[in-house]
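Engineer: Provided herewith: target18.txt, compact mmCIF, C-alpha atoms and all ligand atoms.
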```
# COMPACT_ATOMS: atom_id res chain seq x y z
CA MET O 1 1.24 -40.91 -28.58
CA THR O 2 -1.65 -39.17 -26.90
CA THR O 3 -1.44 -38.23 -23.22
CA SER O 4 -4.56 -38.76 -21.12
CA LEU O 5 -6.06 -35.71 -19.36
CA CYS O 6 -5.11 -37.15 -15.97
CA ALA O 7 -1.51 -37.66 -17.02
CA GLN O 8 -1.40 -34.11 -18.42
CA SER O 9 -2.57 -32.60 -15.15
CA ALA O 10 -0.09 -34.73 -13.16
CA GLN O 11 2.65 -33.40 -15.44
CA SER O 12 1.64 -29.76 -15.00
CA ALA O 13 1.22 -30.14 -11.21
CA SER O 14 4.82 -31.27 -11.05
CA ALA O 15 5.85 -28.26 -13.20
CA GLN O 16 4.62 -25.99 -10.42
CA ASN O 17 6.30 -28.12 -7.75
CA ASP O 18 9.56 -28.06 -9.68
CA TRP O 19 9.53 -24.28 -9.86
CA VAL O 20 8.70 -24.01 -6.16
CA GLU O 21 11.61 -26.33 -5.29
CA ARG O 22 13.96 -24.31 -7.49
CA GLY O 23 12.79 -21.08 -5.85
CA LYS O 24 13.23 -22.48 -2.36
CA LYS O 25 16.84 -23.35 -3.12
CA VAL O 26 17.99 -19.99 -4.41
CA LEU O 27 15.74 -17.27 -2.99
CA MET O 28 16.33 -16.05 0.56
CA GLN O 29 13.55 -17.46 2.68
CA THR O 30 12.25 -14.10 3.91
CA TYR O 31 8.63 -14.71 2.89
CA ALA O 32 6.02 -17.30 3.82
CA THR O 33 5.47 -17.74 0.08
CA GLN O 34 2.56 -19.94 -0.98
CA PRO O 35 3.64 -22.83 -3.24
CA MET O 36 2.19 -21.15 -6.31
CA VAL O 37 4.01 -19.78 -9.34
CA LEU O 38 2.06 -17.07 -11.16
CA THR O 39 2.82 -16.53 -14.80
CA GLU O 40 0.27 -14.15 -16.27
CA GLY O 41 -2.73 -11.99 -15.56
CA LYS O 42 -5.59 -10.24 -17.32
CA GLY O 43 -8.00 -7.84 -15.61
CA SER O 44 -8.88 -9.22 -12.16
CA TYR O 45 -7.56 -12.73 -12.88
CA VAL O 46 -4.13 -14.33 -12.71
CA GLU O 47 -2.98 -17.72 -13.87
CA ASP O 48 -0.37 -20.07 -12.44
CA VAL O 49 2.23 -22.13 -14.29
CA ASP O 50 -0.23 -25.04 -14.41
CA GLY O 51 -2.87 -22.89 -16.09
CA LYS O 52 -5.10 -22.65 -13.00
CA ARG O 53 -7.00 -19.34 -12.84
CA TYR O 54 -7.48 -17.22 -9.73
CA LEU O 55 -9.61 -14.20 -9.01
CA ASP O 56 -7.03 -11.79 -7.66
CA PHE O 57 -8.31 -10.07 -4.50
CA ALA O 58 -4.73 -9.67 -3.28
CA SER O 59 -3.59 -7.39 -6.14
CA GLY O 60 0.02 -8.02 -5.18
CA ILE O 61 -0.81 -6.46 -1.78
CA ALA O 62 -2.78 -3.46 -3.04
CA VAL O 63 -0.49 -2.81 -5.99
CA ASN O 64 -2.28 -3.86 -9.20
CA SER O 65 -4.67 -0.93 -9.00
CA LEU O 66 -5.70 -1.26 -12.66
CA GLY O 67 -5.72 -5.05 -12.55
CA HIS O 68 -3.42 -6.97 -14.85
CA CYS O 69 -2.39 -5.83 -18.33
CA HIS O 70 -4.77 -2.87 -18.50
CA PRO O 71 -4.53 -1.73 -22.15
CA ALA O 72 -3.67 1.92 -21.31
CA TYR O 73 -1.00 0.74 -18.88
CA VAL O 74 0.55 -1.69 -21.34
CA GLU O 75 0.51 0.96 -24.06
CA ALA O 76 2.16 3.60 -21.86
CA LEU O 77 4.96 1.27 -20.77
CA THR O 78 5.51 -0.21 -24.22
CA LYS O 79 5.77 3.24 -25.78
CA GLN O 80 8.15 4.50 -23.12
CA LEU O 81 10.35 1.40 -23.33
CA SER O 82 11.08 2.11 -26.97
CA LYS O 83 11.91 5.76 -26.20
CA LEU O 84 13.96 6.06 -22.99
CA SER O 85 14.02 3.67 -20.05
CA HIS O 86 16.41 5.49 -17.73
CA CYS O 87 18.50 8.64 -17.54
CA SER O 88 19.04 9.23 -13.76
CA ASN O 89 18.20 12.44 -11.95
CA LEU O 90 21.22 14.18 -13.44
CA TYR O 91 18.68 15.16 -16.11
CA TYR O 92 14.95 15.85 -16.21
CA ASN O 93 12.61 13.39 -17.90
CA GLN O 94 9.18 14.27 -19.25
CA PRO O 95 7.07 11.51 -17.60
CA ALA O 96 8.39 12.44 -14.13
CA ILE O 97 7.52 16.11 -14.66
CA GLU O 98 4.07 15.22 -15.97
CA LEU O 99 3.48 12.83 -13.09
CA ALA O 100 4.50 15.42 -10.49
CA GLU O 101 2.30 18.04 -12.17
CA LYS O 102 -0.65 15.64 -12.20
CA LEU O 103 -0.25 14.65 -8.52
CA VAL O 104 0.06 18.29 -7.45
CA ALA O 105 -3.05 19.16 -9.51
CA ILE O 106 -5.08 16.27 -8.05
CA SER O 107 -4.08 17.36 -4.55
CA ASN O 108 -5.85 20.66 -5.17
CA SER O 109 -2.92 22.68 -3.83
CA SER O 110 -2.49 20.51 -0.72
CA PHE O 111 0.99 19.70 -2.06
CA ASP O 112 3.37 21.63 -4.28
CA ARG O 113 6.26 19.26 -4.97
CA ALA O 114 7.03 15.57 -5.43
CA PHE O 115 10.08 13.42 -4.79
CA PHE O 116 10.08 10.03 -6.51
CA CYS O 117 11.72 6.84 -5.27
CA ASN O 118 11.21 3.09 -5.76
CA SER O 119 9.19 1.63 -2.90
CA GLY O 120 7.05 2.35 0.10
CA ALA O 121 9.86 2.03 2.62
CA GLU O 122 11.95 4.43 0.59
CA ALA O 123 9.08 6.92 0.50
CA VAL O 124 8.85 6.69 4.30
CA GLU O 125 12.63 7.24 4.57
CA GLY O 126 12.29 10.36 2.43
CA ALA O 127 9.41 11.65 4.57
CA LEU O 128 11.35 11.05 7.81
CA LYS O 129 14.52 12.70 6.49
CA LEU O 130 12.62 15.69 5.11
CA SER O 131 10.75 16.24 8.36
CA ARG O 132 13.93 16.06 10.48
CA LYS O 133 15.66 18.53 8.12
CA TYR O 134 12.68 20.86 8.38
CA ALA O 135 12.53 20.59 12.17
CA LYS O 136 16.26 21.21 12.63
CA LYS O 137 15.94 24.33 10.51
CA HIS O 138 12.76 25.68 12.11
CA LYS O 139 12.79 24.29 15.66
CA GLY O 140 16.46 23.75 16.43
CA GLU O 141 19.17 21.08 16.09
CA SER O 142 17.89 19.00 19.00
CA CYS O 143 14.36 18.65 17.63
CA THR O 144 14.55 15.12 16.23
CA LYS O 145 11.77 13.12 17.91
CA ILE O 146 9.27 11.34 15.71
CA LEU O 147 5.97 10.06 17.11
CA THR O 148 4.58 6.90 15.57
CA MET O 149 1.31 5.06 16.20
CA SER O 150 0.92 1.75 18.01
CA ASN O 151 0.27 -1.17 15.63
CA SER O 152 1.69 0.75 12.68
CA PHE O 153 3.66 -0.59 9.72
CA HIS O 154 5.93 1.62 7.65
CA GLY O 155 8.38 -0.74 5.95
CA ARG O 156 11.56 -2.76 6.40
CA THR O 157 14.46 -0.35 5.91
CA TYR O 158 16.06 0.97 9.11
CA GLY O 159 14.23 4.29 9.34
CA ALA O 160 10.90 2.81 8.29
CA LEU O 161 11.41 -0.17 10.59
CA SER O 162 12.19 2.16 13.49
CA ALA O 163 8.90 3.95 12.78
CA THR O 164 7.05 0.61 12.72
CA ALA O 165 5.48 0.03 16.13
CA GLN O 166 5.28 -3.75 15.99
CA THR O 167 8.20 -5.47 17.71
CA LYS O 168 7.81 -8.67 15.66
CA TYR O 169 9.28 -6.86 12.66
CA GLN O 170 12.15 -5.37 14.68
CA GLU O 171 13.48 -8.43 16.51
CA GLY O 172 17.12 -9.15 15.70
CA TYR O 173 17.81 -5.75 14.17
CA SER O 174 18.75 -3.54 17.11
CA PRO O 175 20.00 -0.92 17.44
CA LEU O 176 17.30 0.86 15.51
CA VAL O 177 17.33 4.52 14.48
CA PRO O 178 17.01 6.59 17.67
CA ASP O 179 14.34 9.02 18.76
CA PHE O 180 11.13 7.31 17.71
CA THR O 181 8.39 7.24 20.36
CA VAL O 182 5.31 5.07 20.08
CA VAL O 183 2.01 6.71 20.99
CA GLU O 184 -1.38 5.04 21.10
CA PHE O 185 -3.32 5.07 17.82
CA ASN O 186 -6.46 7.24 18.14
CA ASN O 187 -5.53 8.47 21.64
CA ILE O 188 -4.79 12.20 21.75
CA ASP O 189 -3.71 12.09 25.42
CA SER O 190 -0.94 9.71 24.45
CA ILE O 191 0.39 12.39 22.08
CA LEU O 192 -0.10 15.15 24.63
CA SER O 193 2.05 13.30 27.17
CA ASN O 194 5.13 14.23 25.05
CA ASP O 195 7.03 17.51 25.02
CA LEU O 196 5.65 18.60 21.66
CA ASP O 197 8.26 21.32 21.20
CA ALA O 198 10.82 18.51 20.90
CA VAL O 199 8.78 16.64 18.29
CA ALA O 200 9.83 16.95 14.64
CA ALA O 201 7.11 14.81 13.06
CA ILE O 202 4.12 12.58 13.63
CA ILE O 203 3.59 9.71 11.20
CA ILE O 204 0.17 8.08 10.78
CA GLU O 205 -1.41 5.56 8.43
CA PRO O 206 -4.98 6.86 7.94
CA VAL O 207 -5.93 3.20 7.50
CA GLN O 208 -3.53 0.76 9.11
CA GLY O 209 -3.10 -2.08 6.63
CA GLU O 210 -0.61 -4.65 7.91
CA GLY O 211 -1.86 -3.94 11.45
CA GLY O 212 -5.26 -5.44 10.58
CA VAL O 213 -7.18 -2.72 8.68
CA HIS O 214 -7.91 -0.16 11.40
CA LEU O 215 -9.19 3.31 10.53
CA VAL O 216 -7.99 6.45 12.21
CA ASP O 217 -10.72 8.50 13.97
CA SER O 218 -11.29 11.69 12.08
CA SER O 219 -11.76 13.65 15.35
CA PHE O 220 -8.36 12.35 16.55
CA LEU O 221 -6.82 13.32 13.23
CA LYS O 222 -8.25 16.84 13.42
CA GLU O 223 -6.81 17.27 16.92
CA VAL O 224 -3.44 15.97 15.73
CA ARG O 225 -3.53 18.46 12.83
CA ALA O 226 -4.23 21.32 15.24
CA LEU O 227 -1.35 20.25 17.53
CA CYS O 228 1.00 19.99 14.56
CA ASP O 229 0.06 23.50 13.46
CA LYS O 230 0.53 24.87 16.97
CA HIS O 231 3.92 23.23 17.57
CA LYS O 232 5.31 23.34 14.00
CA ILE O 233 5.32 19.55 13.84
CA VAL O 234 5.41 17.95 10.40
CA LEU O 235 2.38 15.70 9.93
CA ILE O 236 3.17 12.72 7.69
CA PHE O 237 0.47 10.43 6.33
CA ASP O 238 1.66 7.03 5.17
CA GLU O 239 -0.84 6.32 2.38
CA ILE O 240 1.36 3.68 0.81
CA GLN O 241 -1.39 1.07 1.08
CA CYS O 242 -4.57 3.14 1.42
CA GLY O 243 -3.72 5.91 -1.06
CA VAL O 244 -4.11 6.38 -4.83
CA GLY O 245 -7.82 5.67 -5.04
CA ARG O 246 -8.02 2.61 -2.84
CA SER O 247 -10.10 4.46 -0.25
CA GLY O 248 -12.55 5.72 -2.89
CA TYR O 249 -10.77 9.08 -2.74
CA PHE O 250 -7.49 9.73 -4.50
CA PHE O 251 -5.87 10.50 -1.14
CA ALA O 252 -7.32 8.65 1.85
CA SER O 253 -6.84 11.88 3.84
CA GLU O 254 -9.72 13.39 1.86
CA SER O 255 -12.17 11.02 3.49
CA PHE O 256 -11.09 12.33 6.93
CA ALA O 257 -11.03 15.96 5.76
CA VAL O 258 -7.54 16.48 7.18
CA SER O 259 -4.52 17.27 5.06
CA PRO O 260 -0.99 16.24 6.07
CA ASP O 261 2.20 18.18 5.36
CA ILE O 262 3.78 15.19 3.65
CA VAL O 263 2.09 12.17 2.12
CA ALA O 264 3.96 8.98 1.25
CA LEU O 265 2.65 6.91 -1.67
CA ALA O 266 3.79 3.71 -3.39
CA LYS O 267 2.08 0.35 -4.14
CA GLY O 268 -0.98 1.28 -6.30
CA LEU O 269 0.79 4.37 -7.65
CA GLY O 270 2.76 2.30 -10.14
CA GLY O 271 0.11 -0.38 -10.69
CA GLY O 272 2.84 -3.05 -10.63
CA PHE O 273 5.86 -1.05 -11.68
CA PRO O 274 7.96 -0.12 -8.62
CA ILE O 275 7.63 3.53 -7.68
CA GLY O 276 7.20 5.47 -4.46
CA ALA O 277 6.65 9.16 -3.89
CA ILE O 278 6.48 11.82 -1.26
CA LEU O 279 4.44 14.92 -1.86
CA ALA O 280 4.90 17.99 0.29
CA LYS O 281 3.91 21.59 0.63
CA GLU O 282 6.49 24.11 -0.57
CA SER O 283 7.23 25.32 2.97
CA ILE O 284 8.30 21.79 3.96
CA ALA O 285 9.80 20.65 0.63
CA SER O 286 12.15 23.64 0.60
CA ALA O 287 14.05 22.11 3.54
CA PHE O 288 15.68 19.81 0.96
CA ASN O 289 18.48 21.37 -1.06
CA ALA O 290 20.45 19.86 -3.94
CA GLY O 291 22.42 16.87 -2.68
CA ASP O 292 20.35 16.40 0.51
CA HIS O 293 18.50 13.30 -0.69
CA GLY O 294 18.35 11.18 -3.82
CA SER O 295 17.73 7.91 -5.61
CA THR O 296 19.33 6.75 -8.85
CA PHE O 297 16.17 5.12 -10.18
CA GLY O 298 13.69 7.47 -8.50
CA GLY O 299 11.04 8.64 -10.97
CA ASN O 300 12.77 7.11 -13.95
CA PRO O 301 10.88 7.36 -17.24
CA MET O 302 9.50 3.80 -17.09
CA ALA O 303 8.26 4.04 -13.50
CA ALA O 304 6.89 7.53 -14.04
CA SER O 305 5.05 6.44 -17.24
CA ALA O 306 3.51 3.51 -15.41
CA ALA O 307 2.38 5.77 -12.57
CA LEU O 308 1.12 8.42 -14.98
CA ALA O 309 -1.05 5.82 -16.74
CA CYS O 310 -2.50 4.80 -13.35
CA VAL O 311 -3.01 8.32 -12.06
CA ASN O 312 -4.64 9.50 -15.31
CA ILE O 313 -7.29 6.83 -14.83
CA ILE O 314 -7.62 6.72 -11.04
CA GLY O 315 -7.55 10.50 -10.58
CA ASN O 316 -10.77 10.81 -12.57
CA GLU O 317 -13.86 11.67 -10.43
CA GLN O 318 -16.04 9.10 -12.20
CA PHE O 319 -13.50 6.38 -11.62
CA LEU O 320 -13.29 7.27 -7.91
CA ALA O 321 -17.11 7.23 -7.72
CA SER O 322 -17.04 3.71 -9.19
CA VAL O 323 -14.57 2.61 -6.49
CA LYS O 324 -16.99 3.91 -3.84
CA SER O 325 -19.98 2.11 -5.35
CA LYS O 326 -18.05 -1.16 -5.72
CA SER O 327 -16.95 -0.77 -2.12
CA GLU O 328 -20.62 -0.60 -1.10
CA LEU O 329 -21.33 -3.82 -3.00
CA LEU O 330 -18.37 -5.57 -1.42
CA VAL O 331 -19.22 -4.39 2.10
CA ALA O 332 -22.90 -5.42 1.71
CA ALA O 333 -21.89 -8.89 0.50
CA VAL O 334 -19.40 -9.38 3.35
CA VAL O 335 -21.88 -8.05 5.95
CA ASP O 336 -24.37 -10.62 4.64
CA LEU O 337 -21.71 -13.30 4.97
CA LYS O 338 -21.04 -12.21 8.56
CA SER O 339 -24.72 -12.70 9.43
CA LYS O 340 -24.36 -16.36 8.43
CA CYS O 341 -20.89 -16.99 9.79
CA PRO O 342 -20.41 -16.56 13.56
CA SER O 343 -16.61 -16.86 13.27
CA ILE O 344 -16.53 -13.44 11.56
CA LYS O 345 -16.08 -10.94 14.38
CA ALA O 346 -15.73 -7.62 12.58
CA ILE O 347 -15.58 -5.98 9.18
CA ARG O 348 -13.47 -2.84 8.80
CA GLY O 349 -12.19 -0.79 5.96
CA LEU O 350 -12.50 2.02 3.50
CA GLY O 351 -13.15 1.81 -0.23
CA LEU O 352 -11.69 -1.36 -1.68
CA MET O 353 -9.50 -2.06 1.34
CA LEU O 354 -11.51 -4.37 3.55
CA GLY O 355 -10.44 -6.33 6.61
CA VAL O 356 -12.51 -9.26 7.85
CA GLU O 357 -11.61 -10.28 11.38
CA PHE O 358 -12.24 -13.87 12.46
CA ASP O 359 -12.08 -15.53 15.86
CA LEU O 360 -9.77 -18.17 14.40
CA PRO O 361 -6.47 -18.25 12.48
CA VAL O 362 -7.07 -17.24 8.87
CA LYS O 363 -4.17 -19.04 7.18
CA PRO O 364 -6.30 -22.13 6.35
CA ILE O 365 -9.10 -19.90 5.01
CA ILE O 366 -6.65 -18.10 2.71
CA GLN O 367 -5.20 -21.42 1.53
CA GLN O 368 -8.62 -22.95 0.87
CA CYS O 369 -9.76 -19.84 -1.00
CA ALA O 370 -6.63 -20.11 -3.18
CA ALA O 371 -7.43 -23.79 -3.82
CA GLN O 372 -10.90 -22.68 -4.95
CA GLY O 373 -9.50 -19.93 -7.17
CA LEU O 374 -9.52 -16.79 -5.01
CA LEU O 375 -6.42 -14.93 -3.81
CA LEU O 376 -6.67 -13.05 -0.50
CA VAL O 377 -4.11 -11.53 1.89
CA GLY O 378 -3.76 -11.99 5.63
CA ALA O 379 -3.05 -9.21 8.13
CA GLY O 380 -1.79 -10.77 11.32
CA GLU O 381 -3.22 -14.06 12.54
CA LYS O 382 -6.95 -13.37 12.41
CA VAL O 383 -7.65 -10.82 9.69
CA VAL O 384 -8.20 -11.45 5.99
CA ARG O 385 -7.75 -8.51 3.66
CA LEU O 386 -9.78 -8.11 0.48
CA LEU O 387 -7.80 -5.87 -1.85
CA PRO O 388 -9.22 -6.27 -5.36
CA PRO O 389 -8.00 -4.24 -8.29
CA LEU O 390 -9.83 -0.88 -8.37
CA THR O 391 -11.15 -1.94 -11.78
CA VAL O 392 -12.93 -5.01 -10.32
CA SER O 393 -16.46 -5.62 -11.62
CA ALA O 394 -19.68 -6.22 -9.65
CA ASP O 395 -19.77 -9.80 -10.97
CA GLU O 396 -16.22 -10.43 -9.80
CA ILE O 397 -17.11 -9.13 -6.33
CA LYS O 398 -20.04 -11.56 -6.25
CA GLU O 399 -17.81 -14.40 -7.41
CA ALA O 400 -15.15 -13.65 -4.77
CA VAL O 401 -17.59 -13.47 -1.87
CA GLY O 402 -19.24 -16.66 -3.21
CA ILE O 403 -15.92 -18.52 -3.01
CA LEU O 404 -15.26 -17.16 0.48
CA ALA O 405 -18.77 -18.24 1.53
CA ASN O 406 -18.13 -21.72 0.14
CA VAL O 407 -14.90 -22.02 2.06
CA LEU O 408 -16.46 -20.76 5.30
CA ALA O 409 -19.31 -23.21 5.02
CA VAL O 410 -16.81 -26.04 5.24
CA GLN O 411 -14.72 -24.58 8.07
C1 LIG W 1 1.44 1.48 5.13
C2 LIG W 1 2.70 0.94 4.54
N1 LIG W 1 3.82 1.65 4.61
C3 LIG W 1 4.98 1.20 4.08
C4 LIG W 1 5.05 -0.03 3.47
C5 LIG W 1 6.34 -0.50 2.89
O1 LIG W 1 6.24 -0.53 1.51
P1 LIG W 1 7.28 -1.38 0.62
O2 LIG W 1 7.03 -2.81 0.91
O3 LIG W 1 6.98 -0.97 -0.80
O4 LIG W 1 8.64 -0.94 1.04
C6 LIG W 1 3.90 -0.82 3.40
C7 LIG W 1 3.95 -2.16 2.79
O5 LIG W 1 3.13 -3.01 3.04
C8 LIG W 1 2.69 -0.33 3.94
O6 LIG W 1 1.57 -1.04 3.90
```
Write the structure described by the file as structure tokens, please.
Ligand SMILES: Cc1ncc(COP(=O)(O)O)c(C=O)c1O
Structural biologist:
Amino acid sequence: MTTSLCAQSAQSASAQNDWVERGKKVLMQTYATQPMVLTEGKGSYVEDVDGKRYLDFASGIAVNSLGHCHPAYVEALTKQLSKLSHCSNLYYNQPAIELAEKLVAISNSSFDRAFFCNSGAEAVEGALKLSRKYAKKHKGESCTKILTMSNSFHGRTYGALSATAQTKYQEGYSPLVPDFTVVEFNNIDSILSNDLDAVAAIIIEPVQGEGGVHLVDSSFLKEVRALCDKHKIVLIFDEIQCGVGRSGYFFASESFAVSPDIVALAKGLGGGFPIGAILAKESIASAFNAGDHGSTFGGNPMAASAALACVNIIGNEQFLASVKSKSELLVAAVVDLKSKCPSIKAIRGLGLMLGVEFDLPVKPIIQQCAAQGLLLVGAGEKVVRLLPPLTVSADEIKEAVGILANVLAVQ
């Protein structure tokens, strides 16, 4: 018996619904998950369980830096899987050493050592712990205060959540970790109003992602750097979202010409395989001794191989130049869209991390784009983030902005 095309599509639509219903029953309802079940991806496209294709400008929230199933990435992971998947940090493994060497080399001596973990929040935890250890050693036991920027986002674990200056993420979880003080992003006076000799660390996202894609002022950053030097304060950059090539530079800090003492990386570092990292100068890193910090899975051979495959490609100057030129294309197309669409209020961003602010809630825009085959991410109520894979093509950028234009025309 042959099934008509209509009947086939009704069948597959219910396949997706079935999976969604099953997921809703057994997964904790912590996410506002869209009713879509993704099954595979290739390059800048993903496919759902019904076979519908989407242009992926979400990249798993800035994670799939090389797109989906990049051949070098697949090869690196496949090879490693048949050699050694895990051995713990009781022993060295080669991919972790090579990855640390590569990151240190790319940093051009800004950092000397790496610590690997499994996520962004865990990288932030490591950075906070290392800076408090350092401060206690060099500034005294009572020096524990950490300054964090208004509107920031650093993750969901207790330390990272305490550093996150958005109360909506903190509600219901008090008491938080003590001694975090919120200062105003891009306002040096707000920092100066603290007793800086009692401050252990200052943590900053050079580009705030979850907060709506806001860039730090480079003059502010330079003043912060000078204050940190003067008062022996550890300067931490959270580049979990904006780092590893997304800004058009390997480290976003390079575009502001200010180097931190510790940088936290994750997301795009592993290209889809979970890994986080902190990199630090020797003078800071040496505050950690054996047993002071750790992670069973941190930098395991699989995660390190995945990250090494990404970093080998993204750390290349030509690749970074291509990110910058694709960023220009994307910005020009979105600026053109803004000229035709009065509900777009602002366009902000760096490299392939773009925020488009509307004067209306963006949830329906994101849903309609998905219906028309384009995945985007929100940031708060009124900002849409465009976070394509760093390997995105000029044609794909055109296609994405075309879909967004279509959707906006019918708003
Ligand atoms: C700037 C920043 N820091 C930390 C995190 C937390 O990372 P993860 O979700 O991997 O724990 C995120 C995640 O969105 C982030 O954007």
Engineer: So which residues touch range 374-387 of chain O within 10 Å, counting only C-alpha atoms, skipping near sequence neighbours fewer than 6 positions away, as a ChimeraX atom specification?
Structural biologist: /O:45-46,53-65,209-213,241,246,330,344-349,351-363,365-368,399-404
Engineer: Kindly assemble as CSV a list of the chain O residues that lie within 9 Å of ligand LIG 1 (chain W), each paired with its nearest atom pair and their distance in Å to one decimal, using all atoms listed in the file, sorted first by chain and then by ascending residue number.
Structural biologist:
```
residue,atom,partner,partner_atom,distance
O:Ile61,CA,W:LIG1,O5,7.1
O:Ala62,CA,W:LIG1,O5,8.5
O:Asn118,CA,W:LIG1,O3,7.7
O:Ser119,CA,W:LIG1,O3,4.0
O:Gly120,CA,W:LIG1,O1,3.3
O:Ala121,CA,W:LIG1,O4,3.6
O:Glu122,CA,W:LIG1,O4,6.3
O:Ala123,CA,W:LIG1,O4,7.9
O:Val124,CA,W:LIG1,C3,6.7
O:Ser152,CA,W:LIG1,C1,7.6
O:Phe153,CA,W:LIG1,C2,5.5
O:His154,CA,W:LIG1,N1,3.7
O:Gly155,CA,W:LIG1,C5,3.7
O:Arg156,CA,W:LIG1,O4,6.4
O:Thr157,CA,W:LIG1,O4,7.6
O:Ala160,CA,W:LIG1,C3,7.4
O:Thr164,CA,W:LIG1,N1,8.8
O:Ile204,CA,W:LIG1,C1,8.8
O:Glu205,CA,W:LIG1,C1,6.0
O:Pro206,CA,W:LIG1,C1,8.8
O:Val207,CA,W:LIG1,C1,7.9
O:Gln208,CA,W:LIG1,C1,6.4
O:Gly209,CA,W:LIG1,O6,5.5
O:Glu210,CA,W:LIG1,O6,5.8
O:Gly211,CA,W:LIG1,O6,8.8
O:Asp238,CA,W:LIG1,C1,5.6
O:Glu239,CA,W:LIG1,C1,6.0
O:Ile240,CA,W:LIG1,C2,4.8
O:Gln241,CA,W:LIG1,O6,4.6
O:Cys242,CA,W:LIG1,C1,7.3
O:Ala264,CA,W:LIG1,N1,8.1
O:Leu265,CA,W:LIG1,N1,8.3
O:Ala266,CA,W:LIG1,O3,6.2
O:Lys267,CA,W:LIG1,O3,6.1
O:Pro274,CA,W:LIG1,O3,7.9
O:Ile275,CA,W:LIG1,O3,8.2
O:Gly276,CA,W:LIG1,O3,7.4
```
Engineer: For Lys230 in chain O, which residue out of O:Ala409, O:Leu196, O:Ala163, O:Val26 is the nearest one, using all atoms listed in the file?
Structural biologist: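 Distance minimum relative to Lys230 in chain O lands on O:Leu196.
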Engineer: I need the residue nearest Ala76 in chain O from this list: O:Tyr249, O:Ala105, O:Pro95, O:Ser322. Use only C-alpha atoms for the distance.
Structural biologist: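 With only C-alpha atoms as the atom set, the closest residue is O:Pro95.
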Engineer: Of the candidates O:His68, O:Gly315, O:Leu27, O:Gly248, which one gets nearest to Gly41 in chain O if we count only C-alpha atoms?
Structural biologist: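 Counting only C-alpha atoms, the residue closest to Gly41 in chain O is O:His68.
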Engineer: Distance CA of Ala321 in chain O-CA of Pro388 in chain O, one decimal place?
Structural biologist: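 Distance reported for this atom pair: 15.8 Å.
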Engineer: From the set O:Ser247, O:Ser219, O:Asn187, O:Ser82, which residue has the shortest atom-to-atom contact distance to Lys326 in chain O, counting only C-alpha atoms?
Structural biologist: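 Comparing O:Ser247, O:Ser219, O:Asn187, O:Ser82 against Lys326 in chain O, the winner is O:Ser247.
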Engineer: Between CA of Ala198 in chain O and CA of Cys228 in chain O, measure the distance and give it in Å to one decimal.
Structural biologist: 11.8 Å
Engineer: Using all atoms listed in the file, what residues lie at most 8 Å away from (5.9, 21.0, -1.9) (file coordinates), given as a list in words?
Structural biologist: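 Residues close enough to count: Phe111, Asp112, Arg113, Ala114, Leu279, Ala280, Lys281, Glu282, Ser283, Ile284, Ala285 and Ser286 of chain O.
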Engineer: Just the number, please: distance in Å from CA of Leu66 in chain O to CA of Ile262 in chain O, one decimal.
Structural biologist: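 If I compute the distance from CA of Leu66 in chain O to CA of Ile262 in chain O, I get 25.0 Å.
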